[in-house]
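Scroll down for the structure; my scribbles are underneath it.
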Amino acid sequence: MKRLTVLSAFVIAAVTSIVWAATASAPVNLILPSGIFPVRVVEENGELFFSADDLIKGLGGTLSNSEQAYRATVGSVEAAFGTDSKLAIVSDTMLELSRLPVVVDGTPYLPLPFFQTLAKAALRQAVSFTPADRALRLQAIASEPISPQVSVVNLQGMSKVVIQLAAAVDYSIAKDAATYTIRFKAPVRAPFGEQAYDDPHVSRILFLGSDLKIQLTAEDVAGSAYRLDNPFRIVLDLQKGVSSIQEGLVAPPRTETQPQDLPGIRTIVIDPGHGGKDVGATGLKGLLEKDATLAIAQKLSPMLSRRLNVRVILTRTGDSSVSLDERTSIANQYKGDLFLSIHLNAARTKGARGSETYFLSLEASDELARKAAERENRQVMGPTQIETATSSDLRLILWDLAQQDYLKESSHLAEVVQVEMDRASGLPNRGVKQAPFKVLVGATMPAALVEVSFISNEEDEAKLRTPEFQTSIAATLAAAIERFKKEYDARNGLGNAPPVAAKVAPAPTSSTTAPVTQ
Amino acid sequence: MRRFRRFFAVLFLAAACTGRETPQLTTRAVNRVSVRPVTLFFETPQLLLGSEQRNLTLPENEAGALTPVLRELIRGSSNAAVPRSFPPDAVVRATYLMGDGTAIVDLGGATLVNGWSAGSHEELIATFSIVHTLTANFPSVKRVRILVNGQAAETLAGHVALDRSLTPLPSLLAAR
């Protein structure tokens with residue numbers, strides 16, 4: 001009997017410990033200014049798991065679930081997790097949990113770091129748990145000081161002030177007489193107190209606390225401001241005689257560049273692929289894609305200016321790094337009517353040769369675009385509402401929708417380029433193709449990317465090195481653009497449109513990777 | 001001894017009956033595995049994506065099978081003449097299947113993290129070999145989002161946009 005009692009005690013202890021492995025505890029409290037909210041918890045192997053239902057609701061968010069994943073939304077931040085994986089996603093970042101989430105009576109429970117990451121991303125709040133009083137508390141995360149970098153460039157009569165930051169930050173812009181004030185909603189670590197500029201529109205820039213003040217040379221200097229991402233930049237384009245500053249999305253309003261509004265092909269943007277640290281593909285004998293694309297673009301630019309009497313913008317004129325976003329942003333800001341990105345191809349397959357031309361494939365976002373269209377149909381939003389109501393996804397979709405208007409013309413452009421390449425380059429014709437190339441995504445104009453030749457082919461690499469071959473490719477591309485312009489103008493009833501006068505850009509006041517006209 | 005067994009059975013039954021207070025862990029992955037044929041996509045001599053069948057031992061749980069299938073893809077074709085689609089140090093760090101049919105693939109390795117110098121063709125082949133392999137083998141995968149080192153990446157090598165989910169690119173597939 002004694003043995004039985006001992007054994008029973010052992011078994012009861014064992015069973016208790018199994019139950020304890022994931023057991024419900026008394027709820028903890030989420031302490032908020034608006035009240036105290038109970039949050040259910042379970043404990044597994046000494047670690048507390050918090051009810052996602054309760055805590056996300058307490059953070060002002062929502063939780064939904066489908067077959068394989070739970071999706072939480074707090075503010076504009078989305079997070080997702082599954083119950084058979086330790087990986088969770090908060091916004092675009094993956095988070096490895098210490099343990100698998102558990103589901104108890106249909107409610108998912110997760111370790112605290114998931115909620116801490118979510119609250120930090122969505123609310124800039126730190127979540128802490130105090131075991132002594134079993135309380136969860138939120139505390140505002142003090143903003144790290146931001147370190148803006150400022151540059152001023154003058155191009156084509158316009159001054160471009162670029163303020164670059166390591167991360168996105170809230171700010172406001174106001175103009176008072178001859179001064180713009182950018183007020184950052186974060187402490188600022190100023191790179192300088194005050195700096196003078198020899199610029200037609202900007203005389204001085206100074207930092208005062210969290211304010212950046214741009215002093216203009218005259219009161220009638222004004223322009224537009226916009227943001228660019230990766231890295232985050234605030235850009236002001238300033239010129240004389242503009243009534244007031246307008247702050248816009250990275251994507252210009254669609255109405256601004258609808259094809260029917262275009263008076264013809266007046267501005268051509270040529271994008272020499274890669275540059276700087278990004279060398280692109282490398283030939284077997286060491287030729288770098290970035291060098292050959294630049295050489296071709298520099299030969300193409302004067303040909304276009306001469307033959308078509310158009311303004312030509314190069315996205316880079318030297319061996320500089322220009323992000324993919326920046327390339328199309330340049331094209332959009334200069335209201336380019338045509339965008340051609342020049343690249344060289346590479347393959348490991350022996351004997352790969354030929355040229356091919358791409359235009360954008362938006363297949364990948366068709367579904368998203370449909371959703372956006374539905375949303376737009378349900379609710380007509382003004383520009384301000386779009387800015388505040390949309391997530392980055394929707395902005396991406398609007399971007400894509402704007403691009404879609406130009407797909408047909410982009411397809412024509414790619415076709416004309418490829419036909420000319422086939423006729424004149426002496427390279428095998430690999431045809432016109434579609435792909436979701438990043439550099440084509442943002443261009444709100446007919447846009448194509450030509451893969452001139454395979455740099456990985458030794459014979460073609462040798463040719464690509466020679467100025468003669470580079471000139472012949474440039475001439476081929478110029479002929480293609482000329483033909484496209486002619487056909488485009490005819491299609492749009494612009495056959496007699498007067499050509500624009502060629503413009504000569506004033507010398508930049510500072511050296512950057514800025515675009516130039518030729 | 002039989003009495004003890006009966007006692008344990010009653011005790012466990014009692015524990016189970018009072019289980020209303022006991023949390024039920026309902027979603028632990030089932031660790032069953034089975035051998036199944038999978039289709040992997042590699043470059044063809046025509047510079048398109050061609051399929052290759054391979055039998056793999058995989059978890060029956062679909063989400064758990066994504067990673068081993070992609071790791072097999074990254075190992076390369078069984079035909080030594082077919083070039084590798086990925087840099088030699090590329091790895092699949094993790095995969096994640098979302099309820100809306102998006103497979104999230106987290107790639108890593110020094111080359112991809114520090115910047116892969118490749119032509120657009122190589123990048124298209126690498127990116128879409130992942131997309132086609134996952135959508136061909138897993139009916140619930142409708143689109144693929146690729147991350148690098150756990151973070152959103154602009155591209156793998158300067159061309160293909162990774163800021164969106166990708167769907168198959170039929171024009172890249174070789175005729176069977």
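Just remember, in the structure tokens the first chain shown is A, the second B, etc., residues are 1-based per chain, and ligands are 1-based in the order shown.
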Q | Every residue of segment 103-349 of chain A that DSSP places in strand (DSSP E), as a PyMOL selection string | A | chain A and resi 103-104+107-111+125-130+135-140+149-155+158-165+171-176+179-184+194-196+202-208+211-216+221-228+232-240+246-248+267-272+311-314+338-345
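Closest approach to chain B among A:Asp53, A:Glu144, A:Glu356, A:Asp170 is made by A:Glu356 (distances from only C-alpha atoms).
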(Q) At a cut-off of 8 Å, using only C-alpha atoms, what residues contact Leu97 of chain B? Leave out same-chain residues fewer than 2 positions from it and give the result as JSON, numbers by chain. (A) {"A": [68, 69], "B": [63, 95, 99, 101, 102, 103, 104, 141]}
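In this comparison, which uses only C-alpha atoms, the residue of B:Ala94, B:Leu156, B:Ala175, B:Leu73 approaching Leu47 of chain B most closely is B:Ala175.
Pairwise distance (atom CA of Pro113 of chain A, atom CA of Glu96 of chain A) equals 9.3 Å.
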Q.
Report as a ChimeraX atom specification all protein, DNA and RNA residues lying within 12 Å of Gln164 of chain A, evaluated on only C-alpha atoms, omitting residues in the same chain fewer than 3 positions from it.
A. /A:146-152,161,167-169,191,227-236
Q) Can you list, as a list in words, every protein, DNA or RNA residue that comes within 6 Å of Ala281 of chain A when you count only C-alpha atoms, leaving out same-chain residues fewer than 3 positions away? A) Glu289 of chain A; Ser117, Ala118 and Gly119 of chain B
Q | Distance of atom CA of Pro68 of chain B from atom CA of Val113 of chain B, expressed in Å to one decimal place | A | 21.0 Å
